[in-house]
There are 2 protein chains.
Amino acid sequence: MPVNLSALQPQDLLPVPGLRIGVTMAGIRKANRRDLVVFALDEGAAVAGVFTSNRFCAAPVQLCREHLGAAAAGGAGIRALLVNTGNANAGTGADGLARARRSCAALGALLGVAPQQVLPFSTGVIMETLPVERIEAGLPAALAALGGANWFEAAHGIMTTDTVPKGASRQVAIGGRTVTVTGISKGAGMIRPDMATMLGFVATDAVIAPSLLQPLLQRAADASFNRITIDGDMSTNDSFVLVATQRAGHDPITALDSAEGRALAQAVEAVAVQLAQAIVRDGEGATKFITVHVQGGRDEAECRRAAYAVAHSPLVKTAFFASDPNLGRILAAVGYAGIGDLDQGLIDLFLDDVHVVRAGGRHPDYREEDGQRVMKGSEITVRVHLHRGDAEALVWTCDLSHDYVSINADYRS
Amino acid sequence: MPVNLSALQPQDLLPVPGLRIGVTMAGIRKANRRDLVVFALDEGAAVAGVFTSNRFCAAPVQLCREHLGAAAAGGAGIRALLVNTGNANAGTGADGLARARRSCAALGALLGVAPQQVLPFSTGVIMETLPVERIEAGLPAALAALGGANWFEAAHGIMTTDTVPKGASRQVAIGGRTVTVTGISKGAGMIRPDMATMLGFVATDAVIAPSLLQPLLQRAADASFNRITIDGDMSTNDSFVLVATQRAGHDPITALDSAEGRALAQAVEAVAVQLAQAIVRDGEGATKFITVHVQGGRDEAECRRAAYAVAHSPLVKTAFFASDPNLGRILAAVGYAGIGDLDQGLIDLFLDDVHVVRAGGRHPDYREEDGQRVMKGSEITVRVHLHRGDAEALVWTCDLSHDYVSINADYRS
């Protein structure tokens with residue numbers, strides 16, 4: 001059961017003119033499961049992507065970087081995204097790269113575009129051979145299904161251990177036109193910053209200078225997917241892609257700090273945050289949604305280190321699962337976050353509105369039952385104040401439950 | 001059930017002349033539980049210690065550093081170690097420090113030595129007030145019990161979530177005399193390198209220049225406690241202490257690279273390795289003992305990073321729990337270990353004798369049943385070869401099971 005995540009409805013996801021989606025069952029790993037998704041982009045769309053920093057990145061990630069690089073260098077624009085679940089095509093060496101190329105070529109041929117105009121995405125089990133012939137066999141059905149209203153189908157089609165589909169839409173007025181931003185994402189384990197292990201696809205019909213798309217995407221990622229963690233494991237396949245179909249008909253946005261640029265950035269960020277939080281809310285075995293807010297650091301980097309140390313600590317996460325205000329575990333995590341000259345005598349800790357630790361020791365007014373009350377909730381904010389500067393950082397995570405172990409111990413069976 | 005750890009017997013732990021031990025039940029957290037241990041050292045003993053690098057270190061760790069510093073600066077020597085379980089006296093601010101001082105003063109007064117000649121150690125729940133009056137009340141009983149043969153009692157007296165007591169002895173001939181090295185340790189969660197969350201006490205009657213004790217201890221720690229991890233959480237209280245009572249009657253050891261120095265160092269390291277491995281074998285919920293061996297790195301630091309990334313990965317650890325050869329998770333962990341220019345196309349992966357990955361992809365001869373066979377064992381070696389240099393590193397860890405979650409979700413109840 002996802003934590004406070006209302007069920008996605010088909011009408012929640014608005015079509016984006018200039019982009020069509022086809023979903024099919026290709027039997028990649030299991031039969032009777034939607035596992036192949038094609039996004040077809042009309043000519044003229046701009047595309048940007050951010051990807052896992054894992055050095056053991058999957059073949060499709062390597063190809064995405066290559067194809068986006070070719071497009072940015074003046075080559076033909078990206079015309080399709082090809083997503084499969086059931087197989088990550090990671091840890092597959094040269095053969096995996098060849099199979100990913102073959103899948104791009106197959107879709108390119110059917111669409112009448114070059115293989116380099118296709119971006120491939122794979123998610124699922126690592127280190128198994130991609131059954132590219134099943135992808136090829138499934139493509140005609142996916143293309144036959146192409147339509148602008150298939151976002152909801154696509155949200156289902158990219159799921160792996162997710163228990164629910166994840167998607168969001170926003171509309172915003174720009175230059176007298178209504179601009180749509182729609183996105184979908186999948187998690188739900190192997191989630192960690194830079195990037196979370198996930199796929200995220202967001203599209204807008206906004207008209208924007210292509211060179212602005214990458215910084216717009218990076219800002220949105222920093223405020224969303226780069227703030228979430230479930231188990232600290234970083235995937236080989238994380239990808240977050242932003243498509244601008246340029247079809248909304250307003251004057252082109254030529255600066256991100258213009259009123260129009262800010263309006264679009266805000267809408268994209270709002271969608272990205274909703275998609276990222278949905279991944280945590282549906283985190284493997286999650287029963288609580290936890291916000292870790294570290295304040296008073298010298299710089300954002302050290303605040304992030306402290307926030308992630310808390311968010312990754314198995315002891316902290318099991319305490320949340322148990323609703324046990326064993327809050328010293330949070331202090332211990334802050335202490336090993338690698339802030340070399342941290343003065344423990346300055347630290348404050350709050351659990352929602354409850355002041356737990358003052359100046360490094362238990363607050364004299366703190367009562368266990370107050371901590372217990374907060375811990376029993378399903379949405380909890382941990383706030384740590386380091387009192388050594390003005391920087392801060394925010395991270396979203398979930399607890400560590402029996403179900404996390406069950407899901408990951410049984411994943412392949 | 002600890003993994004392949006034979007039950008400790010009283011006769012396994014040999015007395016160390018010049019050191020006596022008293023254990024009692026002080027009711028610190030629970031009644032009818034051995035929770036207070038005193039080590040009394042004859043005059044002339046040399047003592048060295050290594051402690052947690054957690055910035056949020058506990059009050060007793062702060063005092064240990066202070067008292068060892070005073071002794072090293074020419075003050076009176078350490079004459080006693082005072083260990084309590086049930087309360088870590090961490091996250092307790094100035095009040096915790098005062099209470100730790102008071103416990104040292106109480107034991108010092110009973111022994112007729114200064115408070116600075118006592119080293120305090122606490123383990124248990126964080127952020128609760130140390131009931132120092134119960135320690136004071138328990139001390140006379142502990143001192144009445146003092147005896148050289150009480151190591152086995154002490155191994156029980158320092159346990160927290162440990163399911164079994166942990167100890168080891170070695171004897172070695174030095175200068176025509178038989179020198180004894182005996183030690184005990186406790187884990188079993190919140191274990192991580194530099195240091196593991198644990199207490200370790202090792203004593204020898206060897207005669208050695210006091211200035212050599214700290215480097216001797218550091219080498220032993222690097223080869224033992226700094227190689228283990230259970231959950232990646234670093235304690236506020238980790239302490240590893242080496243006592244040399246100087247009573248064996250041989251000529252003093254004045255160089256670690258002498259034959260006598262090497263013989264002693266080898267014995268101390270052997271005891272420390274046995275104590276450290278015992279902590280992993282009794283790791284919270286552990287069902288398997290896993291050795292992670294990373295070879296072919298440019299330097300030891302990057303090999304350690306890769307080994308710890310594998311050893312800390314919840315996905316890797318749950319796969320071991322499930323005996324599921326989902327080995328791509330190991331590659332993914334190596335990939336995010338922070339080796340910026342790692343070439344995934346060079347990596348080899350072995351599971352015991354099974355060659356799983358060659359040059360970054362699945363080995364053509366690898367069969368799932370071979371991986372499965374290894375994964376079903378209770379002692380498994382993961383060997384990763386980076387093929388970029390000659391350095392290597394070794395880490396010991398365990399799997400992540402349902403019981404880990406149960407133990408840590410229910411710890412305080």
# chains A, B, ... in the order shown; residues from 1 in each chain; ligands from 1

call {"tool": "select_by_dssp", "arguments": {"residues": "region 102-317 of chain B", "states": "helix (DSSP H, G or I)", "output": "ChimeraX atom specification"}}
result
/B:102-111,115-117,132-144,151-157,210-222,225-227,259-281,300-312,314-317

call {"tool": "interface_residues", "arguments": {"of": "chain B", "to": "chain A", "cutoff": "6 Å", "atoms": "only C-alpha atoms", "output": "JSON list (two decimals) with C-alpha atoms, in the first residue's frame"}}
result
[["chain", "number", "residue", "atom", "x", "y", "z"],
["B", 54, "ASN", "CA", 31.55, 9.48, 14.63],
["B", 55, "ARG", "CA", 31.44, 13.22, 15.43],
["B", 56, "PHE", "CA", 28.51, 12.49, 17.66],
["B", 91, "GLY", "CA", 23.47, 12.18, 22.71],
["B", 92, "THR", "CA", 23.35, 13.20, 26.37],
["B", 93, "GLY", "CA", 25.24, 16.49, 26.22],
["B", 126, "ILE", "CA", 21.34, 6.24, 22.75],
["B", 127, "MET", "CA", 19.98, 9.49, 24.19],
["B", 236, "THR", "CA", 28.72, 6.66, 18.67],
["B", 318, "THR", "CA", 18.81, -9.31, 0.54],
["B", 319, "ALA", "CA", 19.87, -11.32, -2.53],
["B", 322, "ALA", "CA", 17.43, -15.26, -0.50],
["B", 328, "GLY", "CA", 23.99, -7.67, -11.33],
["B", 332, "ALA", "CA", 25.66, -1.92, -9.76],
["B", 335, "GLY", "CA", 29.50, 1.14, -10.28],
["B", 336, "TYR", "CA", 28.29, 3.65, -7.73],
["B", 344, "GLN", "CA", 32.95, -1.28, -16.64],
["B", 360, "GLY", "CA", 31.78, -6.31, -17.78],
["B", 361, "GLY", "CA", 29.33, -8.82, -19.23],
["B", 362, "ARG", "CA", 27.97, -12.20, -18.28],
["B", 402, "HIS", "CA", 13.77, -10.37, 8.09],
["B", 408, "ASN", "CA", 15.94, -3.28, 15.14],
["B", 409, "ALA", "CA", 12.26, -2.49, 15.02]]

call {"tool": "select_by_dssp", "arguments": {"residues": "region 177-404 of chain B", "states": "strand (DSSP E or B)", "output": "NGL selection string"}}
result
:B and (177-186 or 199-204 or 208 or 228 or 239-244 or 253 or 289-297 or 348-351 or 354-358 or 361-362 or 379-385 or 391-398)

call {"tool": "write_last_selection", "arguments": {"atoms": "C-alpha atoms", "output": "mmCIF file, in the first residue's frame"}}
result
data_model
loop_
_atom_site.group_PDB
_atom_site.id
_atom_site.type_symbol
_atom_site.label_atom_id
_atom_site.label_comp_id
_atom_site.auth_asym_id
_atom_site.auth_seq_id
_atom_site.Cartn_x
_atom_site.Cartn_y
_atom_site.Cartn_z
ATOM 1 C CA ARG B 177 58.404 -17.250 27.842
ATOM 2 C CA THR B 178 54.808 -18.071 27.013
ATOM 3 C CA VAL B 179 52.910 -14.873 26.313
ATOM 4 C CA THR B 180 49.108 -14.844 26.402
ATOM 5 C CA VAL B 181 46.746 -12.671 24.341
ATOM 6 C CA THR B 182 43.071 -12.792 25.321
ATOM 7 C CA GLY B 183 40.194 -10.665 24.104
ATOM 8 C CA ILE B 184 36.438 -10.275 24.074
ATOM 9 C CA SER B 185 34.117 -8.284 21.858
ATOM 10 C CA LYS B 186 30.474 -7.393 21.414
ATOM 11 C CA LEU B 199 33.463 -2.877 22.014
ATOM 12 C CA GLY B 200 36.657 -4.899 21.933
ATOM 13 C CA PHE B 201 39.035 -5.492 24.809
ATOM 14 C CA VAL B 202 42.291 -7.357 24.255
ATOM 15 C CA ALA B 203 44.972 -7.861 26.877
ATOM 16 C CA THR B 204 48.405 -9.440 26.864
ATOM 17 C CA ILE B 208 56.535 -4.008 25.343
ATOM 18 C CA ILE B 228 33.701 -5.510 9.028
ATOM 19 C CA SER B 239 36.032 1.381 21.236
ATOM 20 C CA PHE B 240 38.858 -1.114 20.859
ATOM 21 C CA VAL B 241 41.397 -1.224 23.643
ATOM 22 C CA LEU B 242 44.672 -3.096 24.031
ATOM 23 C CA VAL B 243 46.251 -3.615 27.445
ATOM 24 C CA ALA B 244 49.817 -4.847 27.978
ATOM 25 C CA ILE B 253 59.954 -5.650 22.880
ATOM 26 C CA PHE B 289 29.143 -14.819 6.308
ATOM 27 C CA ILE B 290 30.311 -12.986 3.225
ATOM 28 C CA THR B 291 33.847 -11.988 2.261
ATOM 29 C CA VAL B 292 34.076 -9.204 -0.293
ATOM 30 C CA HIS B 293 37.467 -9.094 -1.975
ATOM 31 C CA VAL B 294 38.175 -6.320 -4.456
ATOM 32 C CA GLN B 295 41.361 -6.662 -6.496
ATOM 33 C CA GLY B 296 43.074 -4.774 -9.268
ATOM 34 C CA GLY B 297 42.385 -1.261 -8.019
ATOM 35 C CA ASP B 348 35.496 -9.516 -13.642
ATOM 36 C CA LEU B 349 33.277 -10.993 -10.959
ATOM 37 C CA PHE B 350 33.702 -14.322 -9.215
ATOM 38 C CA LEU B 351 31.458 -16.024 -6.694
ATOM 39 C CA VAL B 354 32.497 -19.461 -10.300
ATOM 40 C CA HIS B 355 33.435 -16.916 -12.969
ATOM 41 C CA VAL B 356 30.247 -14.886 -13.322
ATOM 42 C CA VAL B 357 31.216 -11.761 -15.212
ATOM 43 C CA ARG B 358 34.042 -11.296 -17.695
ATOM 44 C CA GLY B 361 29.334 -8.824 -19.231
ATOM 45 C CA ARG B 362 27.975 -12.202 -18.276
ATOM 46 C CA GLU B 379 30.315 -18.839 3.693
ATOM 47 C CA ILE B 380 30.621 -16.984 0.414
ATOM 48 C CA THR B 381 33.441 -15.024 -1.176
ATOM 49 C CA VAL B 382 32.617 -12.302 -3.690
ATOM 50 C CA ARG B 383 35.688 -11.386 -5.701
ATOM 51 C CA VAL B 384 35.693 -8.373 -7.997
ATOM 52 C CA HIS B 385 38.665 -7.602 -10.214
ATOM 53 C CA ALA B 391 45.837 -2.776 -4.969
ATOM 54 C CA GLU B 392 43.239 -4.819 -3.119
ATOM 55 C CA ALA B 393 40.964 -4.731 -0.086
ATOM 56 C CA LEU B 394 38.988 -7.223 1.958
ATOM 57 C CA VAL B 395 35.718 -6.689 3.837
ATOM 58 C CA TRP B 396 33.589 -9.094 5.849
ATOM 59 C CA THR B 397 29.839 -8.714 6.087
ATOM 60 C CA CYS B 398 26.594 -10.644 6.388
#

call {"tool": "residues_around", "arguments": {"residues": "Leu19 (chain B)", "least_positions_apart": "6", "cutoff": "8 Å", "atoms": "only C-alpha atoms", "output": "PDB file with C-alpha atoms, in the first residue's frame"}}
result
ATOM      1  CA  PHE B  39      38.859  -4.654  34.459  1.00  0.00           C
ATOM      2  CA  ALA B  40      41.440  -3.884  37.169  1.00  0.00           C
ATOM      3  CA  LEU B  41      45.025  -3.491  35.936  1.00  0.00           C
ATOM      4  CA  ASP B  42      48.082  -3.873  38.119  1.00  0.00           C
ATOM      5  CA  GLY B 148      41.896 -13.400  36.655  1.00  0.00           C
ATOM      6  CA  THR B 245      50.357  -5.808  31.584  1.00  0.00           C
TER       7      THR B 245
END

call {"tool": "atom_distance", "arguments": {"atom1": "CA of Ala144 (chain B)", "atom2": "CA of Val37 (chain B)"}}
result
11.8 Å

call {"tool": "residues_around", "arguments": {"residues": "Thr163 (chain B)", "least_positions_apart": "2", "cutoff": "12 Å", "atoms": "only C-alpha atoms", "output": "PyMOL selection string"}}
result
chain B and resi 1-3+5+7-8+155-156+158-161+165-166+186-189+278-286+407

call {"tool": "atom_distance", "arguments": {"atom1": "CA of Ala137 (chain A)", "atom2": "CA of Arg367 (chain B)"}}
result
27.2 Å

call {"tool": "atom_distance", "arguments": {"atom1": "CA of Asp370 (chain B)", "atom2": "CA of Cys303 (chain B)"}}
result
26.1 Å

call {"tool": "closest_residue", "arguments": {"among": "A:Arg373, A:Arg34, A:Arg247, A:Arg79", "to": "Gln116 (chain A)", "atoms": "only C-alpha atoms"}}
result
A:Arg79
